[in-house]
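All remarks here apply to the structure that follows.
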Amino acid sequence: MDLFPSMPLAQWIDDFVDWLNNAEFIFDGIEAFISFLLLILTESLGVIPEWIFIIALTVVTFIFGGRKTGLALFVLIGLFFIDNLNYWDDMILTLSLVLSATMISVLIGVPIGIWMSKNNILEQIIKPILDFMQTMPAFVYLIPAVAFFGIGMEPGVVASVIFAMPPTIRLTNLGIRQVSSEVIEASDAFGSTAGQKLWKVQLPMARTTIMAGINQTIMLALSMVVIASMIGASGLGEQVYYAVGRNQAGQGFEAGIAIVILAIILDRITQSIGSSSR
Amino acid sequence: MSKINVEGLTKIFGKKTKQARELLNEGSSKDEILQKTGCTVGVNNASFDVEEGEIFVIMGLSGSGKSTLVRLLNRLIEPTKGSVQLDGKDLAKMDTKTLREVRRTDMSMVFQKFGLFPFRTVASNVEYGLEIQGVDRLERREKAEKSLELVGLKGYEDKFPDELSGGMQQRVGLARALANDPEILLMDEAFSALDPLIRKDMQDELLDLQQTMKKTIIFITHDLDEALRIGDRITIMKDGAIVQIGSPEEILTNPSNDYVEKFVEDVDRSKVYTASNVMVRPETVNIEKEGPRVALKRMRDANISSIYVTNRNRKLLGIVHADQVSDLVKNNKDDLEEVLEADVPTVTSETPVTEIMEMLATSGVPIAVVDNDRLNGIIIRGSMLAALTGVEVNEDGSVS
């Protein structure tokens with residue numbers, strides 16, 4: 001197979017990444033925005049005393065999560081457990097990372113999903129890109145992320161967004177396309193504008209599906225937590241990463257369990273929002 | 001002038017519509033066009049007028065293009081060619097903004113599977129049309145409540161559609177269509193998804209409502225019984241083209257071709273026919289100039305046992321029976337009035353046949369059809385049976 005010289009794909013990509021460095025001002029802007037978002041989240045979440053946070057989240061879960069006692073109880077005990085293991089501050093950092101990645105994903109993903117649902121050609125173009133984003137090993141995103149955003153939480157957020165955004169786009173697109181044609185016809189027949197149709201009919205009808213996408217995005221962002229810690233993102237993932245490096249199974253599992261608890265809480269809350277109330 | 005005037009309306013689905021149109025003009029069939037171009041002819045050159053305040057039924061089997069046709073009227077589907085004039089404005093050429101305005105104020109639609117918004121309450125479903133026009137909250141709530149009351153759903157305002165039965169859901173659909181008080185109602189198989197008893201109730205209710213509303217209603221159905229029941233005029237479609245337009249009676253009695261004839265073959269005529277369809281010309285005696293002997297002779301000639309008695313103006317006075325009249329003759333009396341029985345079963349020519357059947361079963365004498373006191377005809381068992389089985393009935397009651 002020496003007939004063909006090896007294609008310098010790596011070289012091309014490196015060149016492309018180098019070239020992208022010219023757009024540093026854009027990346028600086030993005031970095032500043034993410035830092036700001038993270039700051040607000042960590043500060044506002046971190047300033048709340050643990051017990052108020054625990055009780056408040058329990059109550060909120062109970063009210064908005066369809067009044068399930070078991071779920072509320074799990075939130076109460078789970079958060080108390082994390083605090084008890086002294087992972088509270090790490091948990092807040094991880095939560096901030098996950099929430100900001102999710103917010104950015106939703107902010108970008110939902111409009112793309114909507115756009116895609118209205119345009120078949122666009123759908124055909126975007127779908128393989130989404131496949132690519134999801135199947136590419138998540139570690140690979142760390143490299144350009146570091147190149148553009150340095151070390152720390154910000155590149156972690158960026159890598160998480162790239163890895164976690166596809167479900168939101170996919171399911172927004174799917175949700176809107178699934179709205180029954182008769183309901184769409186009804187809204188057209190009464191003289192809705194495109195905007196009215198979107199806001200008053202399509203998005204409400206697609207809500208459950210879109211929420212399922214956001215739920216998946218949150219879960220994927222959480223799964224990036226440990227990976228992001230390799231480029232300096234602090235939080236629970238960092239604890240796991242350290243434990244791996246020092247061969248401390250106990251600490252590793254402690255932090256790991258904390259991540260699992262956080263994941264279950266976030267998962268159940270978003271699922272409840274998606275399915276409860278109309 | 002008619003309310004809606006449809007001229008040469010055509011819809012071809014597919015990519016090579018131009019080629020398909022040419023083939024269509026040359027008279028190719030739907031199947032040939034599909035084979036040659038891959039295009040489906042949805043509606044083929046449909047032309048008709050709908051008068052203000054009538055219920056215009058478009059009927060055909062599935063795939064006949066009736067649902068496409070109704071969607072061409074409010075342009076949920078873009079016509080390939082042709083015009084839809086509404087009060088003289090051509091909908092097919094209208095810009096989006098004007099079209100939206102027409103959809104908002106002039107025509108509403110009721111859907112086969114209701115097309116309700118499941119996440120909205122009944123009231124807020126009904127309000128939808130007004131909401132998107134920017135009508136304020138209180139006013140639209142008021143109109144929605146009025147509309148719901150009209151369809152008999154008062155008190156269900158805060159329920160959600162999935163908490164209601166099918167019939168009730170379609171009432172919501174109807175209320176929603178009525179809420180913005182349109183002149184035209186497009187009803188696409190509106191009652192087809194309901195079970196037969198509820199369907200009949202809804203048909204009755206629509207007819208009741210129509211008495212007061214006087215909307216122009218275009219009603220799509222695949223059910224001939226339904227079409228005959230509610231339609232002022234009926235259009236029959238086949239393969240996207242209109243086969244016949246006419247009143248229910250015309251369609252039944254005078255089908256324009258084999259297709260329509262086959263269609264109406266199995267119809268339960270008792271639901272459509274009225275007295276005027278089944279009556280025959282009666283034998284009568286004029287009491288002012290004819291006596292018992294004439295009456296007796298006439299009965300003997302016609303081989304009947306009783307005869308209706310009228311005055312000079314054909315006003316129905318009563319009936320006399322052969323045995324009593326012959327008693328009169330035996331006793332040499334001349335006045336028929338002595339044996340005249342004034343209490344006879346009567347109906348008007350508008351009375352539906354279903355009601356008459358019961359009377360006919362219990363009555364010993366023919367039933368008189370009387371309009372404005374004038375005796376127009378009588379109904380005997382033979383004429384009724386003949387008409388219901390589709391056999392021509394002659395004036396004298398014999399069948400051919």
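Letters for chains follow the order of the structure tokens (A, B, ...), residue numbers begin at 1 for each chain, and ligand numbers begin at 1 in the order shown.
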Mind running chain A against chain B at 7 Å and telling me each contacting residue's nearest atom pair with the distance in Å (one decimal), counting only C-alpha atoms, chain and number ascending, as CSV?
residue,atom,partner,partner_atom,distance
A:Glu182,CA,B:Gly115,CA,5.1
A:Val183,CA,B:Gly115,CA,4.5
A:Glu185,CA,B:Leu76,CA,6.9
A:Ala186,CA,B:Gly115,CA,5.9
A:Ala189,CA,B:Arg103,CA,5.9
A:Phe190,CA,B:Arg104,CA,5.2
A:Gly191,CA,B:Arg100,CA,4.6
A:Ser192,CA,B:Ile132,CA,6.2
A:Arg278,CA,B:Phe119,CA,5.2
Write out as a compact mmCIF listing (two decimals) with C-alpha atoms, in the first residue's frame the residues lying within 7 Å of stretch 369-385 of chain B, counting only C-alpha atoms and excluding same-chain residues fewer than 4 positions away.
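result-v9.txt written:
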# COMPACT_ATOMS: atom_id res chain seq x y z
CA VAL B 278 -93.68 7.95 -2.78
CA MET B 279 -97.18 9.36 -3.31
CA VAL B 280 -99.44 8.56 -6.23
CA ARG B 281 -102.28 10.48 -7.81
CA PRO B 282 -105.47 9.70 -5.88
CA ARG B 314 -109.45 19.86 -4.19
CA LYS B 315 -109.66 20.63 -0.49
CA LEU B 316 -109.63 17.37 1.43
CA THR B 346 -102.59 13.15 6.62
CA VAL B 347 -99.01 14.19 6.03
CA THR B 348 -97.41 16.98 4.05
CA SER B 349 -95.27 16.35 1.01
CA LEU B 360 -99.01 3.20 6.99
CA THR B 389 -86.78 -0.52 -3.73
CA VAL B 393 -93.90 4.26 -9.68
CA GLY B 397 -99.81 3.53 -8.60
Quiz item: So how far away is atom CA of A:Gly66 from atom CA of A:Leu236, in Å?
Solution: 29.2 Å
Quiz item: If we count only C-alpha atoms, what is near A:Lys118 at a cut-off of 10 Å, once residues fewer than 4 positions away on the same chain are taken out, given as a list of chain:residue names?
Solution: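 Contacts, with the query itself left out: A:Gly113, A:Ile114, A:Leu122, A:Glu123, A:Asn173, A:Ile176, A:Arg177.
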Would you save the residues from that selection as a PDB file, in the first residue's frame, using all heavy atoms?
ATOM      1  N   GLY A 113     -32.066  23.190  15.800  1.00  0.00           N
ATOM      2  CA  GLY A 113     -33.056  22.122  15.642  1.00  0.00           C
ATOM      3  C   GLY A 113     -34.307  22.619  14.944  1.00  0.00           C
ATOM      4  O   GLY A 113     -34.857  21.952  14.063  1.00  0.00           O
ATOM      5  N   ILE A 114     -34.757  23.803  15.329  1.00  0.00           N
ATOM      6  CA  ILE A 114     -35.961  24.377  14.718  1.00  0.00           C
ATOM      7  C   ILE A 114     -35.729  24.630  13.228  1.00  0.00           C
ATOM      8  O   ILE A 114     -36.532  24.258  12.372  1.00  0.00           O
ATOM      9  CB  ILE A 114     -36.339  25.703  15.414  1.00  0.00           C
ATOM     10  CG1 ILE A 114     -36.792  25.443  16.845  1.00  0.00           C
ATOM     11  CG2 ILE A 114     -37.446  26.425  14.647  1.00  0.00           C
ATOM     12  CD1 ILE A 114     -36.975  26.688  17.671  1.00  0.00           C
ATOM     13  N   LEU A 122     -31.101  21.130   4.809  1.00  0.00           N
ATOM     14  CA  LEU A 122     -30.304  21.436   5.996  1.00  0.00           C
ATOM     15  C   LEU A 122     -30.215  20.212   6.907  1.00  0.00           C
ATOM     16  O   LEU A 122     -29.170  19.905   7.471  1.00  0.00           O
ATOM     17  CB  LEU A 122     -30.949  22.612   6.738  1.00  0.00           C
ATOM     18  CG  LEU A 122     -30.019  23.344   7.692  1.00  0.00           C
ATOM     19  CD1 LEU A 122     -29.006  24.150   6.918  1.00  0.00           C
ATOM     20  CD2 LEU A 122     -30.812  24.252   8.611  1.00  0.00           C
ATOM     21  N   GLU A 123     -31.355  19.510   7.025  1.00  0.00           N
ATOM     22  CA  GLU A 123     -31.368  18.325   7.881  1.00  0.00           C
ATOM     23  C   GLU A 123     -30.350  17.298   7.384  1.00  0.00           C
ATOM     24  O   GLU A 123     -29.617  16.701   8.165  1.00  0.00           O
ATOM     25  CB  GLU A 123     -32.770  17.710   7.897  1.00  0.00           C
ATOM     26  CG  GLU A 123     -32.895  16.599   8.926  1.00  0.00           C
ATOM     27  CD  GLU A 123     -34.177  15.800   8.786  1.00  0.00           C
ATOM     28  OE1 GLU A 123     -34.701  15.694   7.661  1.00  0.00           O
ATOM     29  OE2 GLU A 123     -34.651  15.290   9.804  1.00  0.00           O
ATOM     30  N   ASN A 173     -35.412  18.914  16.456  1.00  0.00           N
ATOM     31  CA  ASN A 173     -35.802  18.660  15.066  1.00  0.00           C
ATOM     32  C   ASN A 173     -36.881  17.589  14.986  1.00  0.00           C
ATOM     33  O   ASN A 173     -37.946  17.787  14.391  1.00  0.00           O
ATOM     34  CB  ASN A 173     -34.548  18.229  14.288  1.00  0.00           C
ATOM     35  CG  ASN A 173     -34.863  17.740  12.884  1.00  0.00           C
ATOM     36  OD1 ASN A 173     -35.635  18.379  12.168  1.00  0.00           O
ATOM     37  ND2 ASN A 173     -34.289  16.619  12.512  1.00  0.00           N
ATOM     38  N   ILE A 176     -40.363  18.658  16.536  1.00  0.00           N
ATOM     39  CA  ILE A 176     -41.167  19.547  15.705  1.00  0.00           C
ATOM     40  C   ILE A 176     -41.697  18.807  14.485  1.00  0.00           C
ATOM     41  O   ILE A 176     -42.841  18.984  14.096  1.00  0.00           O
ATOM     42  CB  ILE A 176     -40.342  20.774  15.296  1.00  0.00           C
ATOM     43  CG1 ILE A 176     -40.095  21.619  16.536  1.00  0.00           C
ATOM     44  CG2 ILE A 176     -41.068  21.588  14.228  1.00  0.00           C
ATOM     45  CD1 ILE A 176     -39.306  22.852  16.321  1.00  0.00           C
ATOM     46  N   ARG A 177     -40.882  17.940  13.918  1.00  0.00           N
ATOM     47  CA  ARG A 177     -41.354  17.189  12.755  1.00  0.00           C
ATOM     48  C   ARG A 177     -42.467  16.211  13.126  1.00  0.00           C
ATOM     49  O   ARG A 177     -43.282  15.849  12.285  1.00  0.00           O
ATOM     50  CB  ARG A 177     -40.192  16.421  12.114  1.00  0.00           C
ATOM     51  CG  ARG A 177     -39.324  17.298  11.240  1.00  0.00           C
ATOM     52  CD  ARG A 177     -38.112  16.540  10.731  1.00  0.00           C
ATOM     53  NE  ARG A 177     -37.226  17.433  10.013  1.00  0.00           N
ATOM     54  CZ  ARG A 177     -37.320  17.685   8.702  1.00  0.00           C
ATOM     55  NH1 ARG A 177     -38.261  17.124   7.994  1.00  0.00           N
ATOM     56  NH2 ARG A 177     -36.479  18.517   8.125  1.00  0.00           N
TER      57      ARG A 177
END
Self-check item: Neighbour list for stretch 24-31 of chain B as a PyMOL selection string, cut-off 8 Å, only C-alpha atoms, skip fewer than 6 positions in-chain
Solution: chain B and resi 40-41+239
Quiz item: Per DSSP on the backbone, what are the alpha helix (DSSP H) residues of stretch 82-245 of chain A, as a PyMOL selection string?
Solution: chain A and resi 82-84+88-117+120-135+138-149+153-178+181-189+194-197+203-223+225-229+236-245
Practice problem: Mind giving me the straight-line distance from atom CA of B:Ile217 to atom CA of B:Glu183 in Å, one decimal? | Solution: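 Pair atom CA of B:Ile217 / atom CA of B:Glu183 returns 8.5 Å.
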Quiz item: So which one's closest to B:Ile218, B:Lys146, B:Lys18, B:Lys66, B:Lys36? Using only C-alpha atoms, please.
Solution: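 Under the stated criterion, the closest residue is B:Lys66.
Minimum atom-to-atom distance to B:Asp301, evaluated using only C-alpha atoms, belongs to B:Glu283 out of B:Glu7, B:Glu283, B:Glu261, B:Asp327.
With only C-alpha atoms as the atoms that count, the minimum distance from A:Glu154 to the choices A:Gln124, A:Ser100, A:Asn22, A:Ser117 is reached by A:Ser100.
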Self-check item: All residues 12 Å or closer to A:Trp51, only C-alpha atoms, same chain fewer than 2 positions away omitted, as a ChimeraX atom specification
Solution: /A:46-49,53-58,76-77,79-84,88
Mind dumping the selected residues with all heavy atoms as a compact mmCIF listing (two decimals), in the first residue's frame?
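part-v5.txt, written as the output of this step:
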# COMPACT_ATOMS: atom_id res chain seq x y z
N GLY A 46 -22.59 28.84 45.09
CA GLY A 46 -21.67 28.60 46.20
C GLY A 46 -21.96 29.43 47.44
O GLY A 46 -21.62 29.05 48.56
N VAL A 47 -22.63 30.56 47.23
CA VAL A 47 -22.84 31.47 48.34
C VAL A 47 -23.99 30.96 49.23
O VAL A 47 -24.09 31.31 50.40
CB VAL A 47 -23.12 32.90 47.82
CG1 VAL A 47 -24.57 33.07 47.37
CG2 VAL A 47 -22.76 33.93 48.87
N ILE A 48 -24.81 30.12 48.68
CA ILE A 48 -25.94 29.60 49.46
C ILE A 48 -25.43 28.58 50.47
O ILE A 48 -24.71 27.65 50.09
CB ILE A 48 -26.98 28.91 48.54
CG1 ILE A 48 -27.38 29.84 47.40
CG2 ILE A 48 -28.21 28.46 49.32
CD1 ILE A 48 -28.19 29.15 46.32
N PRO A 49 -25.79 28.73 51.74
CA PRO A 49 -25.39 27.74 52.74
C PRO A 49 -25.92 26.36 52.36
O PRO A 49 -27.02 26.25 51.80
CB PRO A 49 -26.05 28.22 54.02
CG PRO A 49 -26.34 29.67 53.80
CD PRO A 49 -26.54 29.85 52.33
N PHE A 53 -29.53 25.28 50.54
CA PHE A 53 -29.49 24.73 49.18
C PHE A 53 -30.22 23.38 49.14
O PHE A 53 -31.06 23.14 48.27
CB PHE A 53 -28.01 24.54 48.77
CG PHE A 53 -27.82 24.21 47.32
CD1 PHE A 53 -27.38 25.18 46.42
CD2 PHE A 53 -28.06 22.93 46.85
CE1 PHE A 53 -27.21 24.88 45.08
CE2 PHE A 53 -27.89 22.62 45.52
CZ PHE A 53 -27.46 23.59 44.62
N ILE A 54 -29.88 22.53 50.11
CA ILE A 54 -30.46 21.18 50.12
C ILE A 54 -31.98 21.25 50.27
O ILE A 54 -32.73 20.64 49.49
CB ILE A 54 -29.86 20.33 51.28
CG1 ILE A 54 -28.38 20.07 51.00
CG2 ILE A 54 -30.63 19.01 51.42
CD1 ILE A 54 -27.66 19.36 52.12
N ILE A 55 -32.44 22.05 51.26
CA ILE A 55 -33.88 22.14 51.49
C ILE A 55 -34.58 22.76 50.29
O ILE A 55 -35.60 22.26 49.80
CB ILE A 55 -34.17 22.94 52.77
CG1 ILE A 55 -33.72 22.13 53.99
CG2 ILE A 55 -35.67 23.26 52.88
CD1 ILE A 55 -33.73 22.90 55.27
N ALA A 56 -33.98 23.87 49.76
CA ALA A 56 -34.61 24.58 48.63
C ALA A 56 -34.76 23.64 47.43
O ALA A 56 -35.83 23.54 46.83
CB ALA A 56 -33.78 25.81 48.25
N LEU A 57 -33.67 22.92 47.11
CA LEU A 57 -33.72 22.04 45.94
C LEU A 57 -34.74 20.91 46.15
O LEU A 57 -35.45 20.50 45.23
CB LEU A 57 -32.33 21.46 45.64
CG LEU A 57 -32.21 20.82 44.24
CD1 LEU A 57 -32.43 21.86 43.16
CD2 LEU A 57 -30.84 20.18 44.06
N THR A 58 -34.80 20.42 47.41
CA THR A 58 -35.78 19.37 47.72
C THR A 58 -37.20 19.87 47.47
O THR A 58 -38.01 19.20 46.81
CB THR A 58 -35.65 18.94 49.19
OG1 THR A 58 -34.30 18.57 49.44
CG2 THR A 58 -36.55 17.75 49.48
N LEU A 76 -32.96 15.04 48.92
CA LEU A 76 -32.58 15.43 50.28
C LEU A 76 -31.41 14.58 50.79
O LEU A 76 -30.36 15.10 51.18
CB LEU A 76 -33.81 15.27 51.19
CG LEU A 76 -33.65 15.75 52.63
CD1 LEU A 76 -33.63 17.26 52.68
CD2 LEU A 76 -34.77 15.20 53.50
N ILE A 77 -31.58 13.27 50.72
CA ILE A 77 -30.56 12.36 51.25
C ILE A 77 -29.30 12.42 50.41
O ILE A 77 -28.17 12.49 50.94
CB ILE A 77 -31.10 10.91 51.30
CG1 ILE A 77 -32.26 10.84 52.29
CG2 ILE A 77 -30.00 9.93 51.68
CD1 ILE A 77 -33.02 9.53 52.28
N LEU A 79 -28.02 14.84 48.47
CA LEU A 79 -27.23 16.06 48.66
C LEU A 79 -26.57 16.07 50.04
O LEU A 79 -25.41 16.47 50.20
CB LEU A 79 -28.12 17.29 48.49
CG LEU A 79 -28.56 17.60 47.05
CD1 LEU A 79 -29.50 18.79 47.02
CD2 LEU A 79 -27.35 17.86 46.16
N PHE A 80 -27.32 15.60 51.03
CA PHE A 80 -26.75 15.54 52.38
C PHE A 80 -25.54 14.61 52.39
O PHE A 80 -24.51 14.90 52.99
CB PHE A 80 -27.82 15.04 53.37
CG PHE A 80 -27.31 14.93 54.77
CD1 PHE A 80 -27.15 16.08 55.55
CD2 PHE A 80 -26.96 13.70 55.32
CE1 PHE A 80 -26.66 15.99 56.83
CE2 PHE A 80 -26.46 13.60 56.59
CZ PHE A 80 -26.31 14.74 57.36
N PHE A 81 -25.63 13.53 51.67
CA PHE A 81 -24.55 12.56 51.57
C PHE A 81 -23.30 13.19 50.94
O PHE A 81 -22.19 13.03 51.43
CB PHE A 81 -25.05 11.37 50.74
CG PHE A 81 -24.08 10.24 50.61
CD1 PHE A 81 -23.72 9.49 51.73
CD2 PHE A 81 -23.52 9.92 49.38
CE1 PHE A 81 -22.83 8.44 51.61
CE2 PHE A 81 -22.63 8.88 49.27
CZ PHE A 81 -22.28 8.12 50.38
N ILE A 82 -23.50 13.94 49.86
CA ILE A 82 -22.38 14.60 49.19
C ILE A 82 -21.70 15.58 50.15
O ILE A 82 -20.47 15.64 50.26
CB ILE A 82 -22.86 15.35 47.93
CG1 ILE A 82 -23.32 14.36 46.86
CG2 ILE A 82 -21.74 16.23 47.36
CD1 ILE A 82 -23.91 15.00 45.62
N ASP A 83 -22.53 16.34 50.87
CA ASP A 83 -21.99 17.31 51.83
C ASP A 83 -21.22 16.57 52.92
O ASP A 83 -20.13 16.98 53.32
CB ASP A 83 -23.16 18.11 52.43
CG ASP A 83 -22.64 19.25 53.31
OD1 ASP A 83 -21.61 19.86 52.92
OD2 ASP A 83 -23.25 19.52 54.34
N ASN A 84 -21.77 15.46 53.35
CA ASN A 84 -21.17 14.67 54.41
C ASN A 84 -19.80 14.14 54.01
O ASN A 84 -18.89 14.03 54.82
CB ASN A 84 -22.12 13.53 54.76
CG ASN A 84 -21.61 12.70 55.93
OD1 ASN A 84 -21.03 11.64 55.72
ND2 ASN A 84 -21.81 13.21 57.14
N TRP A 88 -18.85 19.09 48.82
CA TRP A 88 -19.84 20.12 48.47
C TRP A 88 -19.30 21.11 47.44
O TRP A 88 -19.92 21.36 46.41
CB TRP A 88 -20.31 20.85 49.73
CG TRP A 88 -21.48 21.74 49.40
CD1 TRP A 88 -21.43 23.09 49.16
CD2 TRP A 88 -22.82 21.36 49.22
NE1 TRP A 88 -22.67 23.56 48.85
CE2 TRP A 88 -23.56 22.52 48.87
CE3 TRP A 88 -23.50 20.13 49.30
CZ2 TRP A 88 -24.92 22.49 48.63
CZ3 TRP A 88 -24.86 20.13 49.06
CH2 TRP A 88 -25.56 21.30 48.72
Exercise. To one decimal in Å, tell me the separation between atom CA of B:Val272 and atom CA of B:Arg229.
Key: 6.6 Å
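With distances taken over only C-alpha atoms, B:Thr10 is the one residue among B:Glu290, B:Lys15, B:Leu150, B:Thr10 lying closest to B:Ser83.
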Practice problem: Please provide as a list in words all residues within 7 Å of A:Ser234, with the sequence filter that same-chain residues fewer than 4 positions apart are discarded (counting only C-alpha atoms). | Solution: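 Those residues are Leu93, Met153, Ser229 and Glu238 of chain A.
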Exercise. Please identify all polymer residues within 9 Å of A:Gln178, counting only C-alpha atoms, omitting same-chain residues fewer than 3 positions from it, and present them as a list of chain:residue names.
Key: A:Asn173, A:Leu174, A:Gly175, A:Ser181, A:Met205, A:Ala206
Mind writing the picked residues with C-alpha atoms as an mmCIF file, in the first residue's frame?
data_model
loop_
_atom_site.group_PDB
_atom_site.id
_atom_site.type_symbol
_atom_site.label_atom_id
_atom_site.label_comp_id
_atom_site.auth_asym_id
_atom_site.auth_seq_id
_atom_site.Cartn_x
_atom_site.Cartn_y
_atom_site.Cartn_z
ATOM 1 C CA ASN A 173 -35.802 18.660 15.066
ATOM 2 C CA LEU A 174 -37.563 15.363 15.647
ATOM 3 C CA GLY A 175 -40.080 16.834 18.097
ATOM 4 C CA SER A 181 -50.030 17.315 10.319
ATOM 5 C CA MET A 205 -46.338 20.097 21.140
ATOM 6 C CA ALA A 206 -42.648 19.181 20.852
#
